[in-house]
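Everything below belongs to protein.txt, which stores compact mmCIF, C-alpha atoms.
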```txt
# COMPACT_ATOMS: atom_id res chain seq x y z
CA MET X 1 -3.52 -7.16 28.34
CA ILE X 2 -4.74 -9.44 25.56
CA ASN X 3 -5.64 -13.04 26.28
CA LEU X 4 -3.29 -14.59 23.71
CA PRO X 5 -4.82 -17.48 21.72
CA ILE X 6 -1.50 -19.33 21.46
CA ASN X 7 1.75 -19.06 23.36
CA ILE X 8 4.86 -18.66 21.23
CA ASP X 9 8.10 -17.29 22.63
CA TYR X 10 9.28 -14.33 20.57
CA LYS X 11 11.93 -13.28 23.07
CA ASP X 12 14.76 -11.27 21.49
CA LYS X 13 12.90 -11.01 18.16
CA VAL X 14 12.58 -7.51 16.74
CA VAL X 15 9.14 -7.04 15.20
CA VAL X 16 8.34 -4.01 13.06
CA VAL X 17 4.61 -3.30 12.67
CA THR X 18 3.42 -0.60 10.26
CA GLY X 19 -0.06 0.83 10.75
CA ALA X 20 0.25 0.09 14.47
CA GLY X 21 -1.85 3.11 15.36
CA GLY X 22 -4.94 1.29 14.07
CA LEU X 23 -7.22 -1.35 15.54
CA ILE X 24 -5.82 -4.46 13.81
CA CYS X 25 -2.11 -3.73 13.85
CA GLY X 26 -2.24 -2.17 17.30
CA ALA X 27 -3.53 -5.51 18.58
CA MET X 28 -0.80 -7.33 16.65
CA ALA X 29 1.90 -5.11 18.13
CA ARG X 30 0.56 -5.82 21.60
CA ALA X 31 0.41 -9.58 20.96
CA PHE X 32 4.04 -9.69 19.85
CA ALA X 33 5.11 -7.58 22.83
CA GLN X 34 3.24 -9.86 25.24
CA SER X 35 5.00 -12.80 23.56
CA GLY X 36 8.38 -11.34 24.49
CA ALA X 37 9.31 -9.51 21.29
CA LYS X 38 10.92 -6.10 21.02
CA VAL X 39 8.30 -4.21 19.03
CA ALA X 40 8.70 -1.17 16.81
CA ALA X 41 5.24 0.34 16.32
CA LEU X 42 5.10 2.57 13.22
CA ASP X 43 2.30 4.87 12.12
CA LEU X 44 1.72 8.29 10.58
CA ASN X 45 -0.23 9.03 13.78
CA GLU X 46 2.69 9.50 16.15
CA ASP X 47 0.48 10.13 19.18
CA ALA X 48 -1.25 6.76 18.73
CA VAL X 49 1.95 4.68 18.58
CA LYS X 50 3.64 6.64 21.36
CA ALA X 51 0.60 6.00 23.56
CA LEU X 52 0.68 2.29 22.66
CA ALA X 53 4.40 2.08 23.42
CA ASN X 54 4.01 3.86 26.76
CA GLU X 55 1.12 1.59 27.71
CA LEU X 56 3.08 -1.56 26.89
CA LYS X 57 6.23 -0.36 28.64
CA ALA X 58 4.18 0.43 31.74
CA GLU X 59 3.05 -3.23 31.70
CA GLY X 60 6.66 -4.44 31.51
CA PHE X 61 6.93 -5.10 27.77
CA ILE X 62 9.32 -3.72 25.14
CA CYS X 63 7.86 -1.38 22.55
CA GLU X 64 8.93 1.86 20.91
CA GLY X 65 6.66 4.08 18.82
CA TYR X 66 7.86 5.86 15.68
CA LYS X 67 6.17 8.32 13.36
CA ALA X 68 6.51 6.87 9.87
CA ASN X 69 5.10 7.48 6.41
CA VAL X 70 5.33 4.18 4.54
CA LEU X 71 5.29 6.03 1.22
CA GLU X 72 8.47 8.01 1.94
CA ALA X 73 11.47 5.74 1.50
CA ASP X 74 14.10 8.20 2.75
CA ALA X 75 12.16 9.01 5.91
CA LEU X 76 11.54 5.30 6.47
CA GLU X 77 15.28 4.66 6.20
CA ASP X 78 15.76 7.17 9.02
CA VAL X 79 13.21 5.28 11.11
CA HIS X 80 15.07 2.06 10.29
CA LYS X 81 18.29 3.57 11.64
CA ALA X 82 16.51 4.58 14.83
CA ILE X 83 15.12 1.08 15.28
CA LEU X 84 18.54 -0.46 14.73
CA LYS X 85 19.87 1.76 17.52
CA ASP X 86 16.93 1.27 19.90
CA LEU X 87 15.99 -2.38 19.34
CA GLY X 88 18.24 -4.06 16.79
CA GLU X 89 17.83 -5.63 13.36
CA CYS X 90 14.35 -6.53 12.10
CA ASP X 91 13.37 -10.21 12.35
CA ILE X 92 9.68 -9.90 11.51
CA LEU X 93 7.89 -7.26 9.43
CA VAL X 94 4.12 -6.83 9.57
CA ASN X 95 2.96 -4.64 6.68
CA GLY X 96 -0.25 -3.32 8.16
CA ALA X 97 -0.45 0.22 6.79
CA GLY X 98 -3.23 0.63 4.23
CA GLY X 99 -6.79 1.78 3.77
CA ASN X 100 -9.36 3.29 1.46
CA ASN X 101 -10.27 6.86 0.48
CA PRO X 102 -13.69 8.44 -0.22
CA ARG X 103 -12.37 9.86 -3.51
CA ALA X 104 -12.01 6.28 -4.79
CA THR X 105 -15.47 5.14 -3.66
CA THR X 106 -18.77 5.27 -5.53
CA ASP X 107 -22.03 6.28 -3.83
CA ASN X 108 -24.03 3.57 -5.58
CA GLU X 109 -23.52 -0.18 -5.75
CA TYR X 110 -24.77 -0.46 -9.34
CA GLN X 111 -24.50 2.01 -12.21
CA HIS X 112 -28.20 1.76 -13.07
CA GLU X 113 -28.94 3.03 -9.55
CA ALA X 114 -26.74 6.11 -9.91
CA LYS X 115 -28.47 9.32 -8.94
CA GLU X 116 -27.88 12.79 -10.29
CA GLY X 117 -25.48 14.65 -8.06
CA GLY X 118 -24.06 11.43 -6.62
CA LYS X 119 -20.64 9.99 -7.32
CA SER X 120 -20.84 7.22 -9.90
CA PHE X 121 -18.08 5.12 -11.40
CA PHE X 122 -17.55 7.85 -14.00
CA ASP X 123 -16.96 10.42 -11.27
CA LEU X 124 -14.17 8.57 -9.47
CA ASP X 125 -11.19 10.81 -8.78
CA ALA X 126 -8.09 9.46 -10.53
CA SER X 127 -5.83 10.97 -7.87
CA GLY X 128 -7.92 9.28 -5.17
CA VAL X 129 -7.62 5.92 -6.92
CA ASP X 130 -3.88 6.48 -7.29
CA PHE X 131 -3.59 7.30 -3.58
CA VAL X 132 -5.37 4.07 -2.57
CA PHE X 133 -3.08 1.98 -4.78
CA LYS X 134 0.01 3.73 -3.45
CA LEU X 135 -1.03 3.46 0.18
CA ASN X 136 -1.77 -0.25 -0.02
CA PHE X 137 0.73 -1.55 -2.57
CA GLN X 138 3.68 0.82 -2.30
CA GLY X 139 2.94 1.07 1.42
CA THR X 140 3.82 -2.62 1.54
CA LEU X 141 6.61 -2.63 -1.04
CA ILE X 142 8.66 0.25 0.42
CA PRO X 143 8.79 -1.00 4.05
CA THR X 144 9.74 -4.43 2.72
CA GLN X 145 12.59 -2.90 0.74
CA VAL X 146 13.79 -1.09 3.87
CA PHE X 147 13.44 -3.77 6.54
CA ALA X 148 13.92 -7.03 4.62
CA LYS X 149 17.58 -6.07 4.11
CA ASP X 150 18.14 -7.02 7.76
CA MET X 151 16.59 -10.42 7.15
CA VAL X 152 18.59 -11.12 4.00
CA ALA X 153 21.79 -10.36 5.93
CA LYS X 154 20.77 -12.81 8.67
CA LYS X 155 19.40 -15.37 6.18
CA ARG X 156 16.16 -15.69 8.11
CA GLY X 157 13.03 -13.68 8.77
CA ASN X 158 9.31 -13.36 8.25
CA ILE X 159 7.08 -10.92 6.44
CA LEU X 160 3.34 -10.80 7.07
CA ASN X 161 1.16 -8.72 4.76
CA ILE X 162 -2.45 -7.68 5.34
CA SER X 163 -4.71 -8.55 2.44
CA SER X 164 -8.51 -8.54 2.60
CA MET X 165 -11.59 -10.52 1.67
CA ASN X 166 -11.97 -7.92 -1.08
CA ALA X 167 -8.98 -9.53 -2.75
CA TYR X 168 -10.99 -12.73 -3.35
CA THR X 169 -14.26 -11.16 -4.44
CA PRO X 170 -14.45 -7.37 -4.92
CA LEU X 171 -17.04 -5.50 -2.93
CA THR X 172 -19.33 -2.98 -4.54
CA LYS X 173 -18.52 0.74 -4.19
CA ILE X 174 -14.79 0.28 -3.45
CA PRO X 175 -13.09 -0.74 -6.73
CA ALA X 176 -9.67 0.74 -5.99
CA TYR X 177 -9.35 -0.77 -2.52
CA SER X 178 -10.49 -4.19 -3.73
CA ALA X 179 -8.03 -4.18 -6.62
CA ALA X 180 -5.20 -2.89 -4.42
CA LYS X 181 -5.72 -5.68 -1.90
CA ALA X 182 -5.79 -8.24 -4.72
CA GLY X 183 -2.41 -6.81 -5.59
CA ILE X 184 -1.21 -7.44 -2.03
CA SER X 185 -2.19 -11.12 -2.27
CA ASN X 186 -0.34 -11.43 -5.57
CA PHE X 187 2.68 -9.55 -4.20
CA THR X 188 2.78 -11.85 -1.19
CA GLN X 189 3.21 -14.83 -3.50
CA TRP X 190 5.83 -12.95 -5.50
CA LEU X 191 7.83 -12.08 -2.39
CA ALA X 192 7.59 -15.65 -1.09
CA THR X 193 9.13 -16.88 -4.33
CA HIS X 194 11.71 -14.11 -4.62
CA PHE X 195 13.02 -14.56 -1.08
CA ALA X 196 12.70 -18.36 -0.91
CA GLY X 197 16.43 -18.92 -1.15
CA THR X 198 17.29 -16.37 1.55
CA GLY X 199 15.53 -18.00 4.49
CA ILE X 200 12.74 -15.43 4.48
CA ARG X 201 9.10 -16.54 4.44
CA CYS X 202 6.27 -14.24 3.35
CA ASN X 203 2.57 -14.84 4.01
CA ALA X 204 -0.58 -12.79 4.42
CA ILE X 205 -3.84 -12.84 6.28
CA ALA X 206 -7.11 -11.72 4.72
CA PRO X 207 -9.34 -10.35 7.48
CA GLY X 208 -13.09 -10.45 7.06
CA PHE X 209 -15.36 -7.64 8.19
CA LEU X 210 -14.40 -5.96 11.45
CA VAL X 211 -16.16 -3.20 13.36
CA SER X 212 -13.93 -0.22 14.14
CA ALA X 213 -14.36 3.40 15.13
CA GLN X 214 -13.90 4.34 11.47
CA ASN X 215 -16.66 2.16 10.01
CA ARG X 216 -19.11 1.74 12.89
CA ALA X 217 -21.47 4.38 11.51
CA LEU X 218 -21.49 2.60 8.13
CA LEU X 219 -22.38 -0.74 9.70
CA PHE X 220 -24.86 0.21 12.41
CA ASN X 221 -27.72 2.67 12.76
CA GLU X 222 -27.95 4.91 15.81
CA ASP X 223 -30.32 2.42 17.47
CA GLY X 224 -27.72 -0.36 17.10
CA THR X 225 -29.46 -2.21 14.28
CA PRO X 226 -27.45 -3.15 11.18
CA THR X 227 -27.53 -0.78 8.22
CA ALA X 228 -28.75 -2.15 4.88
CA ARG X 229 -25.16 -2.78 3.75
CA SER X 230 -24.24 -4.37 7.07
CA ALA X 231 -27.28 -6.66 6.86
CA LYS X 232 -26.11 -7.84 3.43
CA ILE X 233 -22.67 -8.60 4.84
CA LEU X 234 -24.07 -10.63 7.71
CA LYS X 235 -26.46 -12.47 5.40
CA GLY X 236 -23.46 -13.55 3.34
CA THR X 237 -21.46 -14.66 6.38
CA PRO X 238 -22.25 -18.21 7.57
CA MET X 239 -21.31 -17.43 11.18
CA ASN X 240 -23.63 -14.39 11.01
CA ARG X 241 -21.25 -12.05 12.82
CA PHE X 242 -18.28 -9.78 12.35
CA VAL X 243 -14.66 -10.72 13.06
CA ASP X 244 -13.00 -9.40 16.20
CA ALA X 245 -9.51 -7.93 15.85
CA GLU X 246 -8.16 -10.32 18.47
CA GLU X 247 -9.31 -13.27 16.33
CA LEU X 248 -6.53 -12.39 13.89
CA LEU X 249 -3.78 -12.91 16.44
CA GLY X 250 -3.60 -16.70 16.45
CA ALA X 251 -2.86 -16.81 12.72
CA THR X 252 -0.46 -13.88 13.02
CA LEU X 253 1.63 -15.45 15.78
CA PHE X 254 1.55 -18.85 14.06
CA LEU X 255 2.56 -17.70 10.58
CA CYS X 256 5.44 -15.61 11.88
CA ASP X 257 6.92 -18.39 14.01
CA GLU X 258 10.00 -20.00 12.46
CA LYS X 259 9.28 -23.38 14.03
CA SER X 260 5.50 -23.70 13.79
CA ALA X 261 5.19 -22.50 10.18
CA SER X 262 8.65 -23.29 8.83
CA ALA X 263 7.36 -24.73 5.54
CA ILE X 264 4.55 -22.24 5.00
CA THR X 265 5.23 -19.41 2.59
CA GLY X 266 3.17 -17.65 -0.08
CA VAL X 267 -0.22 -18.33 1.52
CA VAL X 268 -3.05 -15.86 2.06
CA LEU X 269 -5.18 -17.06 4.96
CA PRO X 270 -8.82 -15.91 5.16
CA ILE X 271 -10.07 -15.07 8.65
CA ASP X 272 -13.63 -14.21 7.77
CA CYS X 273 -16.27 -16.19 9.69
CA GLY X 274 -16.85 -18.19 6.51
CA PHE X 275 -17.60 -15.28 4.17
CA ALA X 276 -15.39 -16.59 1.32
CA ALA X 277 -16.87 -20.08 1.57
CA TYR X 278 -20.51 -19.07 1.07
CA SER X 279 -21.98 -18.80 -2.43
CA GLY X 280 -25.11 -17.02 -1.26
CA VAL X 281 -27.31 -20.05 -1.91
```
Here is the file; what I need is its structure written in the form of structure tokens.
Amino acid sequence: MINLPINIDYKDKVVVVTGAGGLICGAMARAFAQSGAKVAALDLNEDAVKALANELKAEGFICEGYKANVLEADALEDVHKAILKDLGECDILVNGAGGNNPRATTDNEYQHEAKEGGKSFFDLDASGVDFVFKLNFQGTLIPTQVFAKDMVAKKRGNILNISSMNAYTPLTKIPAYSAAKAGISNFTQWLATHFAGTGIRCNAIAPGFLVSAQNRALLFNEDGTPTARSAKILKGTPMNRFVDAEELLGATLFLCDEKSASAITGVVLPIDCGFAAYSGV
């Protein structure tokens, strides 16, 4: 059980969450389920979302897990049909699938520090960069094309995208991921405008730095002390700490509520312990 930061009744709402096998969107799926929603948890990792669904159902909540590749429109349409049968039409879509890839990452922060044998900017794999853009941008566009049809038909609904602090100021070493997330922020505003006359709102959150199983080794040494890169992050964060996944839930539940946030659309909300506010001086 998660100790929900705010109590909003999502009873009878069907919430589709992509990337629900991960830390952030798994917590979001759970928060919506605990708030009374019927949750469809989607992820390429079928075992992860099936386990999440079984766990939530054992606690008395409504959740179904589905294997889904957000880059395959036809397969996603099949998942959509299954959700319609199992849970009903989509009311809220959380586009959480995304991520980076080592092929689109440099080894050095600055070109003048590049070492022979390392991967510099000039060694970036074009296919890796393409994959990162597809995963983040098309991985948001395609699910929106599939599930927003339900909302247009009902003339109401909410879309929540997952941007990043990289969208505001790009981080060193990860040019493709930073640019792709900037695209998500821009696309959020585009969708908010495009769907404004249909009763659909579209917003995004921009999480700050979180610690997960995937990046723990990059942020902390074996003795628990911050790595050099982690120390730089914390030095640039006024609250001098990382964000917890559960700290994203208040904004998530608020922005997706038709009553609480009825006039809010096209915003990208930073949740970053002050990282974006600090100039470094």
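Using all atoms listed in the file for every distance, the candidate list X:Ala33, X:Ala192, X:Val132, X:Val70 yields X:Ala192 as the residue closest to Gly157 (chain X).
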* Distance criterion (only C-alpha atoms): nearest to Cys273 (chain X) out of X:Asn7, X:Asn108, X:Asn240, X:Ser127 -> X:Asn240
* **For Ile142 (chain X): contacts at 8 Å, all atoms listed in the file, fewer than 5 positions along chain excluded, given as JSON, numbers by chain** => {"X": [70, 71, 72, 73]}
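Closest approach to Leu218 (chain X) among X:Ile233, X:Val281, X:Ala75, X:Leu141: X:Ile233, based on all atoms listed in the file.
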* Rounded to one decimal in Å, what is the spacing between CA of Ile159 (chain X) and CA of Gly60 (chain X)? ->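 Separation of CA of Ile159 (chain X) and CA of Gly60 (chain X): 25.9 Å.
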* Å distance separating CA of Gly280 (chain X) from CA of Tyr168 (chain X), one decimal place ->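 Taking CA of Gly280 (chain X) as the start and CA of Tyr168 (chain X) as the end point, the length is 14.9 Å.
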* Work out how far apart CA of Ala277 (chain X) and CA of Val94 (chain X) are and give it in Å to one decimal. =>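 These two atoms are separated by 26.1 Å.
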